[in-house]
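Listing of start18.txt, compact mmCIF, C-alpha atoms
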```
# COMPACT_ATOMS: atom_id res chain seq x y z
CA ASN Q 153 111.71 111.45 90.61
CA ALA Q 154 108.11 110.46 91.42
CA GLY Q 155 108.86 109.11 94.92
CA VAL Q 156 106.13 106.70 96.05
CA THR Q 157 103.08 106.25 93.85
CA GLN Q 158 99.91 104.24 94.44
CA THR Q 159 97.33 102.84 92.05
CA PRO Q 160 94.35 103.27 92.10
CA LYS Q 161 93.51 106.44 94.05
CA PHE Q 162 89.90 105.43 94.70
CA ARG Q 163 87.98 102.16 94.48
CA VAL Q 164 84.57 100.86 95.46
CA LEU Q 165 84.15 97.11 95.91
CA LYS Q 166 81.24 94.88 96.76
CA THR Q 167 81.63 92.42 99.62
CA GLY Q 168 83.43 89.31 98.42
CA GLN Q 169 85.17 90.93 95.47
CA SER Q 170 88.92 90.91 95.15
CA MET Q 171 91.41 93.56 94.15
CA THR Q 172 95.10 94.44 94.16
CA LEU Q 173 96.63 97.75 95.18
CA LEU Q 174 99.93 98.63 93.55
CA CYS Q 175 102.71 100.61 95.17
CA ALA Q 176 105.77 101.71 93.24
CA GLN Q 177 108.87 103.59 94.39
CA ASP Q 178 111.79 104.95 92.39
CA MET Q 179 114.18 105.65 95.27
CA ASN Q 180 115.82 102.19 95.28
CA HIS Q 181 114.63 101.58 98.84
CA GLU Q 182 114.89 98.11 100.31
CA TYR Q 183 112.06 98.51 102.80
CA MET Q 184 108.42 98.89 101.80
CA TYR Q 185 105.25 98.97 103.90
CA TRP Q 186 101.47 98.88 103.67
CA TYR Q 187 99.39 100.74 106.27
CA ARG Q 188 95.71 101.38 106.76
CA GLN Q 189 94.21 104.46 108.33
CA ASP Q 190 90.67 104.49 109.66
CA PRO Q 191 88.78 107.72 110.40
CA GLY Q 192 90.23 109.67 113.32
CA MET Q 193 93.02 107.18 113.88
CA GLY Q 194 96.70 106.82 113.25
CA LEU Q 195 98.25 104.41 110.82
CA ARG Q 196 98.40 100.67 111.45
CA LEU Q 197 100.90 98.43 109.71
CA ILE Q 198 99.42 95.63 107.61
CA HIS Q 199 102.47 94.00 106.00
CA TYR Q 200 105.99 95.03 105.20
CA SER Q 201 108.97 93.89 103.17
CA VAL Q 202 112.69 94.19 103.90
CA GLY Q 203 113.73 93.37 100.35
CA GLU Q 204 112.78 91.84 97.04
CA GLY Q 205 111.14 88.45 97.52
CA THR Q 206 110.52 88.92 101.26
CA THR Q 207 107.38 89.86 103.15
CA ALA Q 208 106.34 89.89 106.80
CA LYS Q 209 103.18 90.47 108.82
CA GLY Q 210 102.52 93.71 110.62
CA GLU Q 211 99.96 94.66 113.23
CA VAL Q 212 96.75 93.92 111.26
CA PRO Q 213 97.55 91.37 108.50
CA ASP Q 214 94.33 89.32 108.47
CA GLY Q 215 92.40 89.46 105.20
CA TYR Q 216 95.37 90.79 103.20
CA ASN Q 217 98.19 89.27 101.20
CA VAL Q 218 101.26 90.93 99.73
CA SER Q 219 103.97 90.26 97.20
CA ARG Q 220 107.32 91.89 96.42
CA LEU Q 221 108.46 90.33 93.16
CA LYS Q 222 110.41 93.41 92.12
CA LYS Q 223 112.33 95.75 94.39
CA GLN Q 224 110.43 98.79 93.22
CA ASN Q 225 106.92 97.33 93.59
CA PHE Q 226 104.89 96.15 96.57
CA LEU Q 227 101.41 94.74 95.95
CA LEU Q 228 98.60 94.48 98.48
CA GLY Q 229 95.80 92.03 97.73
CA LEU Q 230 92.34 91.62 99.16
CA GLU Q 231 91.03 88.18 98.21
CA SER Q 232 87.48 88.58 99.54
CA ALA Q 233 86.75 92.15 100.54
CA ALA Q 234 84.71 92.87 103.68
CA PRO Q 235 83.09 96.14 104.84
CA SER Q 236 85.62 96.21 107.73
CA GLN Q 237 88.33 96.77 105.12
CA THR Q 238 86.87 100.13 104.15
CA SER Q 239 89.78 102.44 104.85
CA VAL Q 240 92.50 104.59 103.37
CA TYR Q 241 95.56 102.56 102.45
CA PHE Q 242 99.03 104.08 102.44
CA CYS Q 243 102.19 102.61 101.05
CA ALA Q 244 105.62 103.73 102.21
CA SER Q 245 109.24 103.00 101.46
CA SER Q 246 112.40 103.71 103.39
CA TYR Q 247 116.12 103.60 103.62
CA ARG Q 248 116.18 105.42 106.97
CA GLU Q 249 113.13 107.71 107.05
CA GLN Q 250 109.84 106.57 105.60
CA TYR Q 251 108.26 108.27 102.60
CA PHE Q 252 104.55 107.84 101.98
CA GLY Q 253 102.47 107.58 98.85
CA PRO Q 254 99.29 109.63 98.34
CA GLY Q 255 96.94 106.89 99.56
CA THR Q 256 94.13 104.76 98.12
CA ARG Q 257 90.61 105.33 99.40
CA LEU Q 258 88.78 101.98 99.39
CA THR Q 259 85.10 101.52 100.14
CA VAL Q 260 83.61 98.06 100.51
CA THR Q 261 79.80 97.96 100.36
CA GLY A 284 105.66 96.97 122.17
CA ILE A 285 106.73 100.53 122.46
CA GLN A 286 104.11 103.10 123.45
CA VAL A 287 103.97 106.50 121.76
CA GLU A 288 101.89 109.24 123.38
CA GLN A 289 101.22 112.62 121.85
CA SER A 290 99.88 115.71 123.54
CA PRO A 291 97.72 117.65 123.35
CA PRO A 292 95.20 115.65 121.33
CA ASP A 293 93.66 118.83 119.92
CA LEU A 294 94.92 122.37 119.50
CA ILE A 295 93.14 125.47 118.22
CA LEU A 296 95.39 128.37 117.31
CA GLN A 297 94.88 131.90 116.12
CA GLU A 298 96.89 132.66 113.01
CA GLY A 299 100.28 134.01 114.06
CA ALA A 300 100.42 132.12 117.36
CA ASN A 301 103.21 129.78 118.42
CA SER A 302 102.71 126.27 119.80
CA THR A 303 104.53 123.18 121.03
CA LEU A 304 103.49 119.60 120.41
CA ARG A 305 104.93 116.81 122.51
CA CYS A 306 105.70 113.15 121.81
CA ASN A 307 106.65 110.76 124.63
CA PHE A 308 107.86 107.24 124.01
CA SER A 309 108.17 104.38 126.44
CA ASP A 310 111.52 102.88 125.47
CA SER A 311 114.73 103.59 123.63
CA VAL A 312 114.23 104.07 119.93
CA ASN A 313 116.50 104.04 116.93
CA ASN A 314 114.83 106.98 115.34
CA LEU A 315 111.89 109.29 115.26
CA GLN A 316 109.93 111.07 112.55
CA TRP A 317 107.37 113.86 112.57
CA PHE A 318 104.69 113.98 109.88
CA HIS A 319 101.97 116.42 108.94
CA GLN A 320 98.77 115.00 107.48
CA ASN A 321 97.04 117.83 105.69
CA PRO A 322 93.25 118.15 105.37
CA TRP A 323 93.41 116.32 102.02
CA GLY A 324 94.98 113.28 103.69
CA GLN A 325 98.48 113.64 102.32
CA LEU A 326 101.28 112.58 104.70
CA ILE A 327 104.22 114.95 104.56
CA ASN A 328 107.58 114.25 106.13
CA LEU A 329 108.57 117.06 108.46
CA PHE A 330 111.58 115.80 110.34
CA TYR A 331 113.70 112.72 110.75
CA ILE A 332 115.23 113.44 114.13
CA PRO A 333 116.80 110.73 116.30
CA SER A 334 118.33 113.33 118.57
CA GLY A 335 119.16 117.00 118.71
CA THR A 336 117.40 119.90 117.08
CA LYS A 337 116.45 120.62 113.49
CA GLN A 338 114.73 123.58 111.89
CA ASN A 339 112.84 123.97 108.64
CA GLY A 340 111.35 127.40 108.13
CA ARG A 341 108.74 128.09 110.81
CA LEU A 342 108.93 124.54 112.13
CA SER A 343 111.56 123.07 114.38
CA ALA A 344 111.92 119.86 116.35
CA THR A 345 113.96 118.66 119.28
CA THR A 346 114.44 115.07 120.40
CA VAL A 347 115.95 114.18 123.77
CA ALA A 348 116.40 110.45 123.32
CA THR A 349 117.79 109.86 126.82
CA GLU A 350 114.60 111.32 128.31
CA ARG A 351 112.32 109.69 125.70
CA TYR A 352 110.55 112.69 124.29
CA SER A 353 110.43 114.90 121.24
CA LEU A 354 108.94 118.35 120.73
CA LEU A 355 107.64 119.98 117.57
CA TYR A 356 107.48 123.77 117.53
CA ILE A 357 105.25 125.72 115.19
CA SER A 358 105.98 129.43 115.09
CA SER A 359 103.84 132.16 113.52
CA SER A 360 101.19 129.60 112.62
CA GLN A 361 99.32 129.87 109.32
CA THR A 362 96.03 128.34 108.21
CA THR A 363 98.00 125.95 105.99
CA ASP A 364 99.46 124.44 109.18
CA SER A 365 96.06 122.91 109.97
CA GLY A 366 95.88 119.13 109.97
CA VAL A 367 97.10 116.27 112.12
CA TYR A 368 100.67 116.02 113.33
CA PHE A 369 101.98 112.54 113.92
CA CYS A 370 105.05 111.42 115.76
CA ALA A 371 106.37 107.97 114.85
CA VAL A 372 109.22 106.05 116.39
CA VAL A 373 111.28 103.35 114.78
CA GLU A 374 111.24 100.05 116.61
CA GLY A 375 112.13 97.92 113.61
CA LYS A 376 109.03 99.41 112.01
CA LEU A 377 107.37 102.76 112.53
CA GLN A 378 105.07 102.95 115.54
CA PHE A 379 102.72 105.93 115.29
CA GLY A 380 101.25 108.05 118.02
CA ALA A 381 97.57 108.98 117.88
CA GLY A 382 98.35 112.45 116.56
CA THR A 383 97.59 116.05 117.49
CA GLN A 384 94.76 117.68 115.55
CA VAL A 385 95.70 121.31 114.86
CA VAL A 386 93.23 123.92 113.64
CA VAL A 387 94.57 127.36 112.78
CA THR A 388 91.88 130.02 112.49
CA PRO A 389 92.28 133.26 110.51
```

As structure tokens, the full file:
Amino acid sequence: NAGVTQTPKFRVLKTGQSMTLLCAQDMNHEYMYWYRQDPGMGLRLIHYSVGEGTTAKGEVPDGYNVSRLKKQNFLLGLESAAPSQTSVYFCASSYREQYFGPGTRLTVT
Amino acid sequence: GIQVEQSPPDLILQEGANSTLRCNFSDSVNNLQWFHQNPWGQLINLFYIPSGTKQNGRLSATTVATERYSLLYISSSQTTDSGVYFCAVVEGKLQFGAGTQVVVTP
């Protein structure tokens, strides 16, 4: 039982490049979330999903897109990366309580 | 939206000391979680506690939903307790407080 996993763990992008972060969970949870955490701050919700095929905007959705084609996977895309998107990205899933993945450290230069 | 306030913002403890962290929230919530973010950035679930009291080893938590607060107790602190402790309330989605930075010195 791996819980919540994230791929990749680290990534460096140049401004304007695109990438996709993958989140996978094996707990059969309906709800999945993407957060970002900037230095010295709490987590802010980017997008979330209440089930396969559904997505919704969170607190800071601009510059990101998401897809939930399979129940166990939640993808976060950056179409044209900007330095302001340098952050640590956490994925989570829940039935009641939320469980977090290990995070992806993204640097945009 | 709901406001979540944590206090104190920073805490320095001598190993072996006890401490209490507080989380206040501005409205009724369905649920509340406490997390520990260790110095390596990993977020660890501590408690899922909508009301009442729970204990897990040296940690315990109490939520008084009617008075809109929750407390996290750390007893006999160890250096491995260092990190940031977050309270998060469920208002549809999790709303995080700003956290309490805890440093436990040997």

Could you name the residues that touch range 304-317 of chain A at 10 Å or less, counting only C-alpha atoms, but leaving out those on the same chain fewer than 4 positions away, as number ranges by chain? Q: 248-250; A: 284-294, 327-334, 344-357, 368-375, 377-383, 385

Residues near range 208-220 of chain Q, anyone? I mean within 7 Å using all atoms listed in the file, not counting same-chain ones fewer than 2 positions away, as an NGL selection string. :Q and (196-201 or 204-206 or 222-223 or 225-230)

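For the pair CA of Tyr247 in chain Q and CA of Ser365 in chain A, the separation is 28.6 Å.
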
Among listed residues A:Ser302, A:Gln325, A:Ser358, A:Gln297, nearest Gly255 in chain Q (using only C-alpha atoms): A:Gln325

Å distance separating CA of Ala233 in chain Q from CA of Val260 in chain Q, one decimal place: 6.7 Å

In terms of the shortest atom-to-atom distance over all atoms listed in the file, which of Q:Ser170, Q:Thr256, Q:Ser232, Q:Gln237 is closest to chain A?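 Once distances to chain A are computed over all atoms listed in the file, the minimum belongs to Q:Thr256.
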
Pairwise distance for CA of Arg163 in chain Q and CA of Gln177 in chain Q, rounded to one decimal in Å: 20.9 Å

Residues of chain Q no more than 8 Å from chain A, counting all atoms listed in the file: send them over as a CSV table (one decimal) with C-alpha atoms, in the coordinates of the input.
```csv
chain,number,residue,atom,x,y,z
Q,193,MET,CA,93.0,107.2,113.9
Q,194,GLY,CA,96.7,106.8,113.2
Q,195,LEU,CA,98.2,104.4,110.8
Q,196,ARG,CA,98.4,100.7,111.4
Q,249,GLU,CA,113.1,107.7,107.0
Q,251,TYR,CA,108.3,108.3,102.6
Q,252,PHE,CA,104.6,107.8,102.0
Q,253,GLY,CA,102.5,107.6,98.8
Q,254,PRO,CA,99.3,109.6,98.3
Q,255,GLY,CA,96.9,106.9,99.6
```

Where is the centre and how long are the edges: axis-aligned box on range 348-352 of chain A, 6 Å on each side, Å to one decimal, as JSON:
```
{"center_x": 114.2, "center_y": 111.2, "center_z": 125.8, "size_x": 19.2, "size_y": 15.0, "size_z": 17.0}
```

Could you list, as a PyMOL selection string, every residue within 10 Å of Pro160 in chain Q, counting only C-alpha atoms and ignoring same-chain residues fewer than 2 positions away? chain Q and resi 157-158+162-163+172-175+255-258
